[in-house]
>>> print(open('upload_16.cif').read())   # mmCIF, C-alpha atoms
data_work
#
loop_
_atom_site.label_atom_id
_atom_site.label_comp_id
_atom_site.auth_asym_id
_atom_site.auth_seq_id
_atom_site.Cartn_x
_atom_site.Cartn_y
_atom_site.Cartn_z
CA MET A 1 16.91 -5.09 13.42
CA THR A 2 13.90 -4.40 15.55
CA LEU A 3 11.14 -1.98 14.75
CA LYS A 4 9.31 -0.31 17.58
CA LEU A 5 6.18 1.69 16.81
CA ARG A 6 6.67 4.11 19.67
CA GLU A 7 10.12 5.01 18.35
CA LEU A 8 8.91 5.24 14.77
CA SER A 9 6.07 7.54 15.84
CA LEU A 10 8.61 10.15 16.97
CA ALA A 11 9.64 10.93 13.39
CA PRO A 12 7.53 13.38 11.38
CA ASP A 13 5.21 11.81 8.79
CA LEU A 14 6.57 12.10 5.25
CA PHE A 15 3.10 11.46 3.80
CA GLY A 16 0.61 14.12 4.84
CA ASN A 17 -3.13 14.18 5.13
CA GLY A 18 -6.00 15.67 3.20
CA HIS A 19 -5.42 13.32 0.25
CA GLY A 20 -8.37 12.03 -1.78
CA LEU A 21 -7.93 8.29 -1.33
CA CYS A 22 -11.12 6.52 -0.21
CA ALA A 23 -11.92 6.01 3.46
CA GLY A 24 -10.34 2.72 4.50
CA CYS A 25 -7.83 2.67 1.61
CA ALA A 26 -4.93 0.31 2.26
CA GLU A 27 -2.59 2.15 -0.13
CA SER A 28 -2.05 5.16 2.10
CA VAL A 29 -1.56 2.85 5.11
CA SER A 30 1.21 1.00 3.28
CA VAL A 31 2.79 4.16 1.87
CA ARG A 32 2.98 5.70 5.36
CA GLN A 33 4.51 2.52 6.76
CA ILE A 34 7.04 2.25 3.94
CA LEU A 35 8.18 5.88 4.24
CA ALA A 36 8.40 5.53 8.04
CA ALA A 37 10.57 2.42 7.71
CA LEU A 38 13.21 4.10 5.51
CA GLU A 39 16.51 5.04 7.07
CA ASN A 40 17.72 7.30 4.24
CA PRO A 41 15.92 10.34 2.77
CA PRO A 42 13.76 9.07 -0.13
CA VAL A 43 13.39 10.26 -3.72
CA VAL A 44 10.07 8.99 -5.08
CA ALA A 45 8.75 8.33 -8.59
CA LEU A 46 5.05 7.67 -8.95
CA ALA A 47 3.26 5.76 -11.67
CA THR A 48 -0.23 6.88 -12.62
CA GLY A 49 -2.86 5.27 -10.44
CA CYS A 50 -5.12 5.83 -7.46
CA LEU A 51 -2.20 7.00 -5.34
CA GLU A 52 -0.96 9.51 -7.91
CA VAL A 53 -4.28 11.14 -8.81
CA SER A 54 -5.43 11.31 -5.18
CA THR A 55 -2.28 12.81 -3.68
CA THR A 56 -1.16 15.30 -6.34
CA ARG A 57 -4.22 17.39 -7.17
CA PHE A 58 -2.77 20.53 -8.71
CA PRO A 59 -1.55 22.81 -7.17
CA ASP A 60 -1.41 20.69 -4.02
CA THR A 61 0.60 17.68 -2.96
CA THR A 62 0.26 15.32 -0.02
CA TRP A 63 3.95 14.38 -0.19
CA LYS A 64 6.73 15.87 1.90
CA VAL A 65 9.50 14.18 -0.09
CA PRO A 66 10.93 14.90 -3.58
CA LEU A 67 8.49 13.35 -6.03
CA ILE A 68 8.36 12.90 -9.80
CA HIS A 69 5.54 11.66 -12.00
CA SER A 70 5.94 11.41 -15.74
CA ALA A 71 3.56 8.81 -17.20
CA PHE A 72 1.66 5.63 -16.42
CA GLU A 73 4.17 3.10 -17.69
CA ASN A 74 7.62 4.51 -17.05
CA ALA A 75 8.01 5.17 -13.31
CA ALA A 76 10.81 2.57 -13.09
CA THR A 77 12.66 4.17 -16.02
CA THR A 78 12.14 7.63 -14.52
CA ILE A 79 13.71 6.65 -11.18
CA GLY A 80 16.48 4.86 -13.08
CA GLY A 81 17.24 8.18 -14.79
CA VAL A 82 17.13 10.06 -11.50
CA GLU A 83 19.50 7.56 -9.91
CA ALA A 84 21.92 7.66 -12.86
CA ALA A 85 21.84 11.48 -12.93
CA TYR A 86 22.55 11.63 -9.20
CA LYS A 87 25.54 9.32 -9.58
CA ALA A 88 26.86 11.41 -12.49
CA LEU A 89 26.47 14.68 -10.56
CA VAL A 90 28.27 13.20 -7.55
CA ARG A 91 31.06 11.96 -9.82
CA LYS A 92 31.46 15.45 -11.28
CA GLY A 93 31.53 16.98 -7.82
CA ARG A 94 28.33 18.96 -8.40
CA MET A 95 26.33 17.20 -5.70
CA GLU A 96 27.15 15.98 -2.23
CA ASP A 97 27.48 12.20 -1.97
CA ARG A 98 25.08 10.97 0.69
CA PRO A 99 22.90 7.91 1.06
CA LEU A 100 19.53 8.37 -0.66
CA THR A 101 16.80 5.80 -1.27
CA PHE A 102 15.27 5.83 -4.74
CA LEU A 103 11.73 4.56 -4.54
CA VAL A 104 8.89 3.84 -6.98
CA PHE A 105 5.23 3.40 -6.14
CA GLY A 106 3.14 1.79 -8.85
CA GLY A 107 -0.20 0.04 -8.79
CA ASP A 108 -0.80 -3.41 -10.20
CA GLY A 109 -1.94 -1.84 -13.49
CA ALA A 110 1.34 0.07 -13.79
CA THR A 111 3.41 -2.93 -12.69
CA TYR A 112 1.77 -6.09 -14.05
CA ASP A 113 0.45 -4.60 -17.29
CA ILE A 114 1.40 -1.16 -18.54
CA GLY A 115 4.86 -0.68 -17.04
CA PHE A 116 6.01 -4.30 -17.27
CA GLN A 117 8.74 -3.96 -19.89
CA TRP A 118 9.99 -0.66 -18.42
CA LEU A 119 10.32 -2.22 -14.97
CA SER A 120 12.01 -5.29 -16.41
CA GLY A 121 14.51 -3.09 -18.24
CA ALA A 122 15.32 -0.99 -15.18
CA LEU A 123 15.88 -4.14 -13.10
CA GLU A 124 18.15 -5.62 -15.75
CA ARG A 125 20.22 -2.40 -15.92
CA GLY A 126 20.78 -2.72 -12.17
CA HIS A 127 19.77 0.74 -10.97
CA LYS A 128 19.73 0.80 -7.19
CA PHE A 129 16.10 1.48 -6.36
CA ILE A 130 13.15 -0.07 -4.56
CA TYR A 131 10.04 -0.78 -6.63
CA ILE A 132 6.87 -1.01 -4.54
CA CYS A 133 3.83 -2.50 -6.26
CA LEU A 134 0.65 -1.52 -4.41
CA ASN A 135 -1.48 -4.39 -5.62
CA ASN A 136 -5.23 -3.85 -5.32
CA GLU A 137 -5.96 -6.36 -8.09
CA GLY A 138 -7.55 -4.09 -10.64
CA TYR A 139 -7.81 -0.66 -12.25
CA MET A 140 -9.72 0.81 -9.32
CA ASN A 141 -9.01 4.46 -10.10
CA THR A 142 -10.74 4.32 -13.48
CA GLY A 143 -13.74 2.30 -12.31
CA ILE A 144 -12.77 -1.23 -11.26
CA GLN A 145 -11.62 -2.82 -14.53
CA ARG A 146 -9.80 -6.16 -14.50
CA SER A 147 -6.01 -6.25 -14.59
CA SER A 148 -3.66 -9.21 -14.93
CA ALA A 149 -3.49 -9.22 -11.10
CA THR A 150 -7.26 -9.74 -10.66
CA LEU A 151 -8.16 -13.08 -9.09
CA LEU A 152 -9.98 -15.83 -10.95
CA GLY A 153 -13.75 -15.48 -10.56
CA ALA A 154 -13.65 -11.88 -9.31
CA TRP A 155 -16.33 -9.49 -10.48
CA THR A 156 -15.06 -6.30 -12.14
CA THR A 157 -16.82 -3.94 -14.54
CA THR A 158 -15.04 -5.62 -17.46
CA THR A 159 -15.51 -9.17 -16.16
CA PRO A 160 -19.17 -9.06 -15.10
CA SER A 161 -21.05 -11.93 -13.53
CA GLY A 162 -24.30 -13.26 -14.94
CA ASP A 163 -25.73 -16.12 -16.98
CA ALA A 164 -23.02 -16.05 -19.65
CA ARG A 165 -19.96 -15.37 -17.50
CA SER A 166 -18.97 -15.74 -13.88
CA GLY A 167 -16.37 -13.07 -13.18
CA LYS A 168 -12.81 -13.14 -14.47
CA PRO A 169 -12.13 -16.42 -16.31
CA GLU A 170 -8.31 -16.33 -16.11
CA TRP A 171 -5.83 -17.01 -13.31
CA HIS A 172 -3.67 -13.98 -12.42
CA LYS A 173 -0.06 -13.42 -13.37
CA ASP A 174 2.47 -14.30 -10.65
CA MET A 175 4.42 -11.05 -10.86
CA THR A 176 6.60 -11.61 -7.79
CA LYS A 177 7.98 -14.83 -9.27
CA ILE A 178 8.55 -13.12 -12.62
CA ILE A 179 10.55 -10.37 -10.89
CA ALA A 180 12.48 -12.98 -8.85
CA ALA A 181 13.49 -14.56 -12.17
CA HIS A 182 15.39 -11.33 -12.96
CA GLY A 183 17.92 -12.41 -10.33
CA ILE A 184 17.87 -9.09 -8.45
CA PRO A 185 19.16 -9.00 -4.84
CA TYR A 186 15.84 -8.61 -3.03
CA VAL A 187 12.24 -9.57 -3.91
CA ALA A 188 9.39 -9.89 -1.44
CA GLN A 189 5.65 -10.19 -1.03
CA ALA A 190 3.97 -8.30 1.83
CA ALA A 191 0.46 -7.27 2.88
CA SER A 192 -1.03 -4.14 4.43
CA HIS A 193 -2.24 -5.69 7.66
CA ASN A 194 1.23 -6.83 8.74
CA TRP A 195 3.14 -3.58 9.37
CA LYS A 196 6.12 -5.28 10.98
CA ASP A 197 6.64 -7.69 8.10
CA LEU A 198 6.28 -4.90 5.51
CA MET A 199 8.57 -2.45 7.30
CA THR A 200 11.23 -5.10 7.92
CA LYS A 201 11.18 -5.96 4.21
CA VAL A 202 11.52 -2.29 3.27
CA ARG A 203 14.62 -2.00 5.47
CA LYS A 204 16.12 -5.11 3.86
CA ALA A 205 15.34 -3.73 0.40
CA GLU A 206 17.04 -0.48 1.34
CA GLN A 207 20.20 -2.39 2.31
CA ALA A 208 20.19 -4.49 -0.88
CA ASP A 209 23.03 -3.98 -3.32
CA GLY A 210 21.01 -3.30 -6.45
CA PRO A 211 17.35 -3.18 -7.45
CA SER A 212 14.68 -4.58 -5.16
CA PHE A 213 10.97 -5.24 -5.52
CA ILE A 214 8.19 -5.55 -2.94
CA ASN A 215 4.69 -6.58 -3.99
CA VAL A 216 2.26 -5.31 -1.34
CA LEU A 217 -1.34 -6.53 -1.23
CA THR A 218 -3.50 -3.45 -0.64
CA PRO A 219 -7.19 -4.45 -0.42
CA CYS A 220 -9.56 -1.97 -2.10
CA ASP A 221 -12.84 -1.59 -0.23
CA ARG A 222 -14.63 -0.04 -3.25
CA GLY A 223 -13.35 -2.51 -5.83
CA TRP A 224 -13.47 -5.63 -3.70
CA ARG A 225 -16.82 -4.67 -2.22
CA PHE A 226 -16.35 -4.74 1.54
CA GLU A 227 -16.94 -2.21 4.33
CA PRO A 228 -14.04 0.27 4.78
CA GLU A 229 -13.26 -0.78 8.37
CA LYS A 230 -12.60 -4.37 7.19
CA THR A 231 -9.47 -3.52 5.16
CA MET A 232 -6.96 -5.10 7.56
CA GLU A 233 -9.19 -8.11 8.22
CA VAL A 234 -9.57 -8.83 4.49
CA SER A 235 -5.82 -8.48 3.97
CA GLN A 236 -5.20 -10.97 6.78
CA LEU A 237 -7.80 -13.42 5.41
CA MET A 238 -6.16 -13.31 1.97
CA VAL A 239 -2.81 -14.19 3.53
CA GLU A 240 -4.18 -16.87 5.85
CA ALA A 241 -6.08 -18.56 3.01
CA GLY A 242 -2.89 -18.84 0.98
CA LEU A 243 -4.11 -16.46 -1.73
CA TRP A 244 -1.24 -14.10 -0.88
CA PRO A 245 1.68 -15.93 0.81
CA LEU A 246 4.26 -13.74 2.55
CA TYR A 247 7.79 -14.55 1.47
CA GLU A 248 11.07 -13.03 0.38
CA VAL A 249 13.83 -13.96 -2.03
CA VAL A 250 17.21 -12.75 -0.79
CA GLU A 251 20.06 -13.24 -3.27
CA GLY A 252 18.14 -16.10 -4.86
CA LYS A 253 17.25 -17.80 -1.56
CA TRP A 254 13.51 -18.23 -0.99
CA LYS A 255 12.10 -17.91 2.51
CA MET A 256 8.57 -17.84 3.92
CA THR A 257 8.11 -14.90 6.28
CA GLY A 258 4.53 -15.79 7.15
CA ALA A 259 3.03 -19.10 8.29
CA ARG A 260 4.21 -22.21 6.46
CA GLN A 261 0.73 -23.70 6.87
CA LYS A 262 -2.42 -22.39 5.25
CA LYS A 263 -4.78 -21.58 8.11
CA ARG A 264 -8.03 -21.37 6.20
CA PRO A 265 -9.85 -22.54 3.07
CA VAL A 266 -10.03 -19.92 0.29
CA MET A 267 -13.79 -19.73 0.87
CA ASP A 268 -13.18 -17.73 4.09
CA ALA A 269 -11.34 -15.03 2.16
CA LEU A 270 -13.79 -15.05 -0.76
CA LEU A 271 -16.77 -14.65 1.57
CA SER A 272 -15.28 -11.44 3.01
CA GLN A 273 -15.47 -9.75 -0.42
CA LYS A 274 -18.71 -9.15 -2.31
CA ARG A 275 -16.83 -9.19 -5.64
CA PHE A 276 -17.08 -12.98 -5.23
CA SER A 277 -20.72 -13.05 -4.07
CA HIS A 278 -21.90 -14.63 -7.35
CA ILE A 279 -19.72 -17.69 -6.69
CA THR A 280 -19.79 -17.85 -2.87
CA LYS A 281 -23.60 -18.08 -2.80
CA ASN A 282 -23.15 -21.70 -3.85
CA ALA A 283 -20.52 -23.57 -1.81
CA ASP A 284 -20.22 -26.20 -4.59
CA ASP A 285 -19.35 -23.65 -7.26
CA ALA A 286 -16.74 -25.03 -9.69
CA THR A 287 -14.79 -21.73 -9.63
CA ILE A 288 -14.20 -22.01 -5.87
CA ALA A 289 -12.85 -25.54 -6.32
CA ALA A 290 -10.64 -24.30 -9.16
CA ILE A 291 -9.26 -21.45 -7.01
CA GLN A 292 -8.60 -23.82 -4.10
CA ALA A 293 -6.84 -26.35 -6.34
CA LYS A 294 -4.61 -23.69 -7.91
CA VAL A 295 -3.80 -22.11 -4.52
CA ASP A 296 -2.82 -25.52 -3.13
CA GLU A 297 -0.64 -26.20 -6.16
CA GLU A 298 1.12 -22.81 -5.96
CA TRP A 299 1.57 -23.15 -2.19
CA ASP A 300 3.32 -26.50 -2.60
CA ALA A 301 5.50 -25.05 -5.36
CA LEU A 302 6.45 -22.16 -3.05
CA LEU A 303 7.28 -24.49 -0.16
CA ALA A 304 9.48 -26.51 -2.53
CA LEU A 305 11.33 -23.32 -3.54
CA CYS A 306 11.75 -22.33 0.11
CA ALA A 307 13.15 -25.78 0.93
CA ILE A 308 15.99 -25.50 -1.58
CA PRO A 309 18.43 -23.49 0.63
CA ASP A 310 17.89 -25.93 3.53
CA THR A 311 19.18 -28.89 1.54
CA GLN A 312 22.39 -27.20 0.42
CA MET B 313 -9.50 25.91 -3.53
CA SER B 314 -10.42 29.51 -2.69
CA GLU B 315 -7.13 31.04 -3.83
CA GLN B 316 -6.03 29.81 -7.26
CA PRO B 317 -2.50 30.84 -8.27
CA LEU B 318 -2.12 33.22 -11.19
CA TRP B 319 -0.41 31.75 -14.26
CA LYS B 320 2.77 33.70 -13.57
CA GLN B 321 2.98 32.08 -10.15
CA ILE B 322 2.78 28.53 -11.51
CA GLN B 323 6.13 26.76 -11.67
CA PRO B 324 7.38 25.41 -15.03
CA GLY B 325 6.11 21.85 -15.42
CA GLY B 326 3.42 22.46 -12.82
CA ILE B 327 5.85 21.63 -10.01
CA GLY B 328 4.23 21.64 -6.59
CA VAL B 329 6.19 23.85 -4.23
CA ASN B 330 4.29 23.37 -0.97
CA PRO B 331 5.05 19.95 0.55
CA GLY B 332 2.02 18.43 2.24
CA SER B 333 -0.27 21.26 1.12
CA THR B 334 -3.33 19.00 0.82
CA ASP B 335 -3.39 19.49 4.60
CA ARG B 336 -5.80 22.37 3.90
CA VAL B 337 -8.37 19.97 2.39
CA GLN B 338 -10.99 19.10 4.98
CA THR B 339 -11.52 15.41 4.22
CA GLY B 340 -13.23 15.06 7.62
CA ASP B 341 -16.37 16.19 5.76
CA TRP B 342 -16.66 12.67 4.31
CA ARG B 343 -17.15 11.13 7.72
CA THR B 344 -20.35 9.49 8.95
CA GLU B 345 -18.81 7.95 12.08
CA VAL B 346 -16.18 9.35 14.38
CA PRO B 347 -13.63 7.43 16.50
CA VAL B 348 -13.88 8.08 20.23
CA ILE B 349 -10.90 6.92 22.28
CA ASP B 350 -11.18 5.77 25.88
CA PHE B 351 -7.82 7.10 27.09
CA GLU B 352 -8.29 5.31 30.44
CA ARG B 353 -7.79 1.99 28.66
CA CYS B 354 -5.43 3.10 25.85
CA THR B 355 -2.01 1.49 26.14
CA HIS B 356 -0.39 3.80 23.52
CA CYS B 357 0.70 0.79 21.48
CA MET B 358 0.44 2.92 18.28
CA ILE B 359 -1.23 0.21 16.20
CA CYS B 360 -4.00 2.70 15.30
CA TRP B 361 -1.36 5.28 14.35
CA VAL B 362 0.49 2.88 12.04
CA ASP B 363 -2.72 1.53 10.41
CA CYS B 364 -4.47 4.89 9.85
CA PRO B 365 -4.88 5.72 6.13
CA ASP B 366 -5.32 9.43 6.84
CA THR B 367 -2.46 10.21 9.26
CA SER B 368 -5.16 11.24 11.70
CA PHE B 369 -3.71 10.14 15.04
CA GLU B 370 -1.80 12.89 16.74
CA VAL B 371 1.16 11.63 18.68
CA ALA B 372 3.46 13.44 21.12
CA ASP B 373 6.41 11.76 22.86
CA SER B 374 5.23 8.28 21.80
CA LYS B 375 1.79 8.92 23.33
CA LEU B 376 -1.49 9.12 21.49
CA VAL B 377 -2.98 12.52 22.28
CA ALA B 378 -5.86 13.24 19.89
CA VAL B 379 -7.66 12.48 16.63
CA ASP B 380 -7.29 14.99 13.82
CA LEU B 381 -10.96 15.45 12.98
CA LYS B 382 -10.24 17.82 10.12
CA HIS B 383 -8.87 14.86 8.14
CA CYS B 384 -10.26 11.65 9.70
CA LYS B 385 -12.59 10.06 7.13
CA GLY B 386 -14.16 7.80 9.75
CA CYS B 387 -13.22 4.53 8.02
CA GLY B 388 -13.13 2.67 11.35
CA ILE B 389 -9.93 0.67 10.75
CA CYS B 390 -8.56 1.95 14.10
CA ALA B 391 -11.51 0.52 16.05
CA GLN B 392 -11.00 -2.84 14.32
CA VAL B 393 -7.25 -3.12 14.89
CA CYS B 394 -7.10 -1.75 18.47
CA PRO B 395 -5.83 -4.67 20.60
CA VAL B 396 -7.61 -3.45 23.76
CA LYS B 397 -10.76 -2.29 21.91
CA CYS B 398 -10.66 1.19 23.43
CA ILE B 399 -11.81 2.95 20.23
CA ASP B 400 -15.55 3.21 19.51
CA MET B 401 -17.04 4.43 16.25
CA VAL B 402 -20.05 6.60 17.01
CA PRO B 403 -22.36 8.37 14.51
CA ASP B 404 -21.05 11.79 13.60
CA SER B 405 -23.34 14.73 13.02
CA ALA B 406 -22.50 17.87 11.06
CA ALA B 407 -22.88 19.96 14.20
CA ASP B 408 -20.03 18.10 15.86
CA ARG B 409 -17.60 18.75 13.07
CA ASP B 410 -14.68 20.85 14.00
CA THR B 411 -12.07 22.33 11.72
CA GLU B 412 -9.50 22.27 14.52
CA PRO B 413 -8.01 19.07 15.99
CA SER B 414 -10.07 18.06 18.97
CA GLU B 415 -8.55 17.55 22.41
CA ASN B 416 -10.27 14.30 23.26
CA GLY B 417 -11.07 12.90 19.85
CA ALA B 418 -14.78 13.14 20.56
CA GLY B 419 -15.47 15.99 18.13
#
>>> encode(input="upload_16.cif", output="structure tokens")
Amino acid sequence: MTLKLRELSLAPDLFGNGHGLCAGCAESVSVRQILAALENPPVVALATGCLEVSTTRFPDTTWKVPLIHSAFENAATTIGGVEAAYKALVRKGRMEDRPLTFLVFGGDGATYDIGFQWLSGALERGHKFIYICLNNEGYMNTGIQRSSATLLGAWTTTTPSGDARSGKPEWHKDMTKIIAAHGIPYVAQAASHNWKDLMTKVRKAEQADGPSFINVLTPCDRGWRFEPEKTMEVSQLMVEAGLWPLYEVVEGKWKMTGARQKKRPVMDALLSQKRFSHITKNADDATIAAIQAKVDEEWDALLALCAIPDTQ
Amino acid sequence: MSEQPLWKQIQPGGIGVNPGSTDRVQTGDWRTEVPVIDFERCTHCMICWVDCPDTSFEVADSKLVAVDLKHCKGCGICAQVCPVKCIDMVPDSAADRDTEPSENGAG
């Protein structure tokens, strides 16, 4: 399976332009790449979030594919219903049987927090769909509130920095590992700057026999406080510092798809984002040491998981 | 938003019936800088096309041909990711704005 950009560029874009996402937004980059990577016609369910409110301003739509939005929390259940209805209609001979890809786009708010139990249920029921989490580490659409994906120490409007507090006090939830624990055929972590890695993972998810989940890091220039042209650079720094390792879990087998070595200290990634400026102004800040220690610990745990198939 | 549909024309459930209709929204108005491509040096690798948040690189037969200035928000990601650095971001002025896609990407 090789992906060539010049060949991919021949196909018409399924995600149009004129949407209201911010200049430099990584979400639309990833959505375009994901739709371009698909081999089957997609049917999309959207959770509420930046992507939904910016691309479906009534009476317009940016999408050129069938799309359904019902509520914030239940995009996974909605696509499960669509998939089950399609199978029933095919069985009754009322619809043509052809390969379709059922797809969900949800933000980290819709995935980590609000839609968690609905997603878990849909995965357990085994609907064949791909769930894409566009993770920008906060509720950016409503004004940069913290979510359970927000990094330790990050400034948000609900975790302010000052004399009494220094950004978010808690470590984030490891959603990709939680989803992997459901035992579904395909789980992966990807990032916006690496189109080839993301698109390859989407193709693998499409081929999976059952539900699949891809957690895509989509840096938010407004919420993370960096200049819009730096989106890809920040995404790469997050990966290289080990804050967002690239890996996949295929049928229970863990595999790193990015570097097996951390290339940078976390400080490099934190310095690129002004949401950490209250801690990065002092290189000896205890929060930075805490982040580095936790990243090192999780990296070693991930390497141990990835080593398991090799020893069998 | 000049022509609002009448209520009888709205689909039940508010279903959108015009795929990609936000195309009419001129998000190029947001721009303060505009990408200018040096086509002499461009290798048509399509990295700018795949990393553009606003679908603003016009491609024909696997070749980059123009920038869609009606929609380009001027974020500057393309200039950052270009492997041969043939895209420059230059200040955009209102007078240069064009509602039609420009031939050379220079506005």
>>> atom_distance(input="upload_16.cif", atom1="atom CA of Thr56 of chain A", atom2="atom CA of Trp195 of chain A")
24.9 Å
>>> resolve_selection(input="upload_16.cif", expression="the PyMOL selection byres ((chain B) within 9 of (chain A))", output="ChimeraX atom specification")
/B:316-317,322,326-340,342-343,356-359,361-368,371-375,382-393
>>> write_last_selection(input="upload_16.cif", atoms="C-alpha atoms", output="PDB file, in the coordinates of the input")
ATOM      1  CA  GLN B 316      -6.030  29.810  -7.260  1.00  0.00           C
ATOM      2  CA  PRO B 317      -2.500  30.840  -8.270  1.00  0.00           C
ATOM      3  CA  ILE B 322       2.780  28.530 -11.510  1.00  0.00           C
ATOM      4  CA  GLY B 326       3.420  22.460 -12.820  1.00  0.00           C
ATOM      5  CA  ILE B 327       5.850  21.630 -10.010  1.00  0.00           C
ATOM      6  CA  GLY B 328       4.230  21.640  -6.590  1.00  0.00           C
ATOM      7  CA  VAL B 329       6.190  23.850  -4.230  1.00  0.00           C
ATOM      8  CA  ASN B 330       4.290  23.370  -0.970  1.00  0.00           C
ATOM      9  CA  PRO B 331       5.050  19.950   0.550  1.00  0.00           C
ATOM     10  CA  GLY B 332       2.020  18.430   2.240  1.00  0.00           C
ATOM     11  CA  SER B 333      -0.270  21.260   1.120  1.00  0.00           C
ATOM     12  CA  THR B 334      -3.330  19.000   0.820  1.00  0.00           C
ATOM     13  CA  ASP B 335      -3.390  19.490   4.600  1.00  0.00           C
ATOM     14  CA  ARG B 336      -5.800  22.370   3.900  1.00  0.00           C
ATOM     15  CA  VAL B 337      -8.370  19.970   2.390  1.00  0.00           C
ATOM     16  CA  GLN B 338     -10.990  19.100   4.980  1.00  0.00           C
ATOM     17  CA  THR B 339     -11.520  15.410   4.220  1.00  0.00           C
ATOM     18  CA  GLY B 340     -13.230  15.060   7.620  1.00  0.00           C
ATOM     19  CA  TRP B 342     -16.660  12.670   4.310  1.00  0.00           C
ATOM     20  CA  ARG B 343     -17.150  11.130   7.720  1.00  0.00           C
ATOM     21  CA  HIS B 356      -0.390   3.800  23.520  1.00  0.00           C
ATOM     22  CA  CYS B 357       0.700   0.790  21.480  1.00  0.00           C
ATOM     23  CA  MET B 358       0.440   2.920  18.280  1.00  0.00           C
ATOM     24  CA  ILE B 359      -1.230   0.210  16.200  1.00  0.00           C
ATOM     25  CA  TRP B 361      -1.360   5.280  14.350  1.00  0.00           C
ATOM     26  CA  VAL B 362       0.490   2.880  12.040  1.00  0.00           C
ATOM     27  CA  ASP B 363      -2.720   1.530  10.410  1.00  0.00           C
ATOM     28  CA  CYS B 364      -4.470   4.890   9.850  1.00  0.00           C
ATOM     29  CA  PRO B 365      -4.880   5.720   6.130  1.00  0.00           C
ATOM     30  CA  ASP B 366      -5.320   9.430   6.840  1.00  0.00           C
ATOM     31  CA  THR B 367      -2.460  10.210   9.260  1.00  0.00           C
ATOM     32  CA  SER B 368      -5.160  11.240  11.700  1.00  0.00           C
ATOM     33  CA  VAL B 371       1.160  11.630  18.680  1.00  0.00           C
ATOM     34  CA  ALA B 372       3.460  13.440  21.120  1.00  0.00           C
ATOM     35  CA  ASP B 373       6.410  11.760  22.860  1.00  0.00           C
ATOM     36  CA  SER B 374       5.230   8.280  21.800  1.00  0.00           C
ATOM     37  CA  LYS B 375       1.790   8.920  23.330  1.00  0.00           C
ATOM     38  CA  LYS B 382     -10.240  17.820  10.120  1.00  0.00           C
ATOM     39  CA  HIS B 383      -8.870  14.860   8.140  1.00  0.00           C
ATOM     40  CA  CYS B 384     -10.260  11.650   9.700  1.00  0.00           C
ATOM     41  CA  LYS B 385     -12.590  10.060   7.130  1.00  0.00           C
ATOM     42  CA  GLY B 386     -14.160   7.800   9.750  1.00  0.00           C
ATOM     43  CA  CYS B 387     -13.220   4.530   8.020  1.00  0.00           C
ATOM     44  CA  GLY B 388     -13.130   2.670  11.350  1.00  0.00           C
ATOM     45  CA  ILE B 389      -9.930   0.670  10.750  1.00  0.00           C
ATOM     46  CA  CYS B 390      -8.560   1.950  14.100  1.00  0.00           C
ATOM     47  CA  ALA B 391     -11.510   0.520  16.050  1.00  0.00           C
ATOM     48  CA  GLN B 392     -11.000  -2.840  14.320  1.00  0.00           C
ATOM     49  CA  VAL B 393      -7.250  -3.120  14.890  1.00  0.00           C
TER      50      VAL B 393
END
>>> residues_around(input="upload_16.cif", residues="Glu240 of chain A", least_positions_apart="5", cutoff="7 Å", atoms="all atoms listed in the file", output="list in words")
Lys262, Lys263 and Arg264 of chain A
>>> resolve_selection(input="upload_16.cif", expression="the PyMOL selection byres ((chain B and resi 379) around 6)", output="list of chain:residue names")
B:Ser368, B:Phe369, B:Glu370, B:Ala378, B:Asp380, B:Leu381, B:Gly417
>>> resolve_selection(input="upload_16.cif", expression="the PyMOL selection byres ((chain A and resi 141) around 9)", output="MDAnalysis selection string")
chainID A and resid 49:51 53 138:140 142:145
>>> write_last_selection(input="upload_16.cif", atoms="C-alpha atoms", output="short mmCIF file (atom, residue, chain, number, x, y, z; two decimals), in the coordinates of the input")
data_model
loop_
_atom_site.label_atom_id
_atom_site.label_comp_id
_atom_site.auth_asym_id
_atom_site.auth_seq_id
_atom_site.Cartn_x
_atom_site.Cartn_y
_atom_site.Cartn_z
CA GLY A 49 -2.86 5.27 -10.44
CA CYS A 50 -5.12 5.83 -7.46
CA LEU A 51 -2.20 7.00 -5.34
CA VAL A 53 -4.28 11.14 -8.81
CA GLY A 138 -7.55 -4.09 -10.64
CA TYR A 139 -7.81 -0.66 -12.25
CA MET A 140 -9.72 0.81 -9.32
CA THR A 142 -10.74 4.32 -13.48
CA GLY A 143 -13.74 2.30 -12.31
CA ILE A 144 -12.77 -1.23 -11.26
CA GLN A 145 -11.62 -2.82 -14.53
#
>>> residues_around(input="upload_16.cif", residues="segment 83-99 of chain A", least_positions_apart="3", cutoff="7 Å", atoms="all atoms listed in the file", output="list in words")
Asn40, Ile79, Gly80, Phe102 and His127 of chain A
>>> residues_around(input="upload_16.cif", residues="Cys354 of chain B", least_positions_apart="2", cutoff="10 Å", atoms="all atoms listed in the file", output="short mmCIF file (atom, residue, chain, number, x, y, z; two decimals) with C-alpha atoms, in the frame of the given file")
data_model
loop_
_atom_site.label_atom_id
_atom_site.label_comp_id
_atom_site.auth_asym_id
_atom_site.auth_seq_id
_atom_site.Cartn_x
_atom_site.Cartn_y
_atom_site.Cartn_z
CA ILE B 349 -10.90 6.92 22.28
CA ASP B 350 -11.18 5.77 25.88
CA PHE B 351 -7.82 7.10 27.09
CA GLU B 352 -8.29 5.31 30.44
CA HIS B 356 -0.39 3.80 23.52
CA CYS B 357 0.70 0.79 21.48
CA MET B 358 0.44 2.92 18.28
CA LYS B 375 1.79 8.92 23.33
CA LEU B 376 -1.49 9.12 21.49
CA CYS B 394 -7.10 -1.75 18.47
CA PRO B 395 -5.83 -4.67 20.60
CA VAL B 396 -7.61 -3.45 23.76
CA LYS B 397 -10.76 -2.29 21.91
CA CYS B 398 -10.66 1.19 23.43
CA ILE B 399 -11.81 2.95 20.23
#
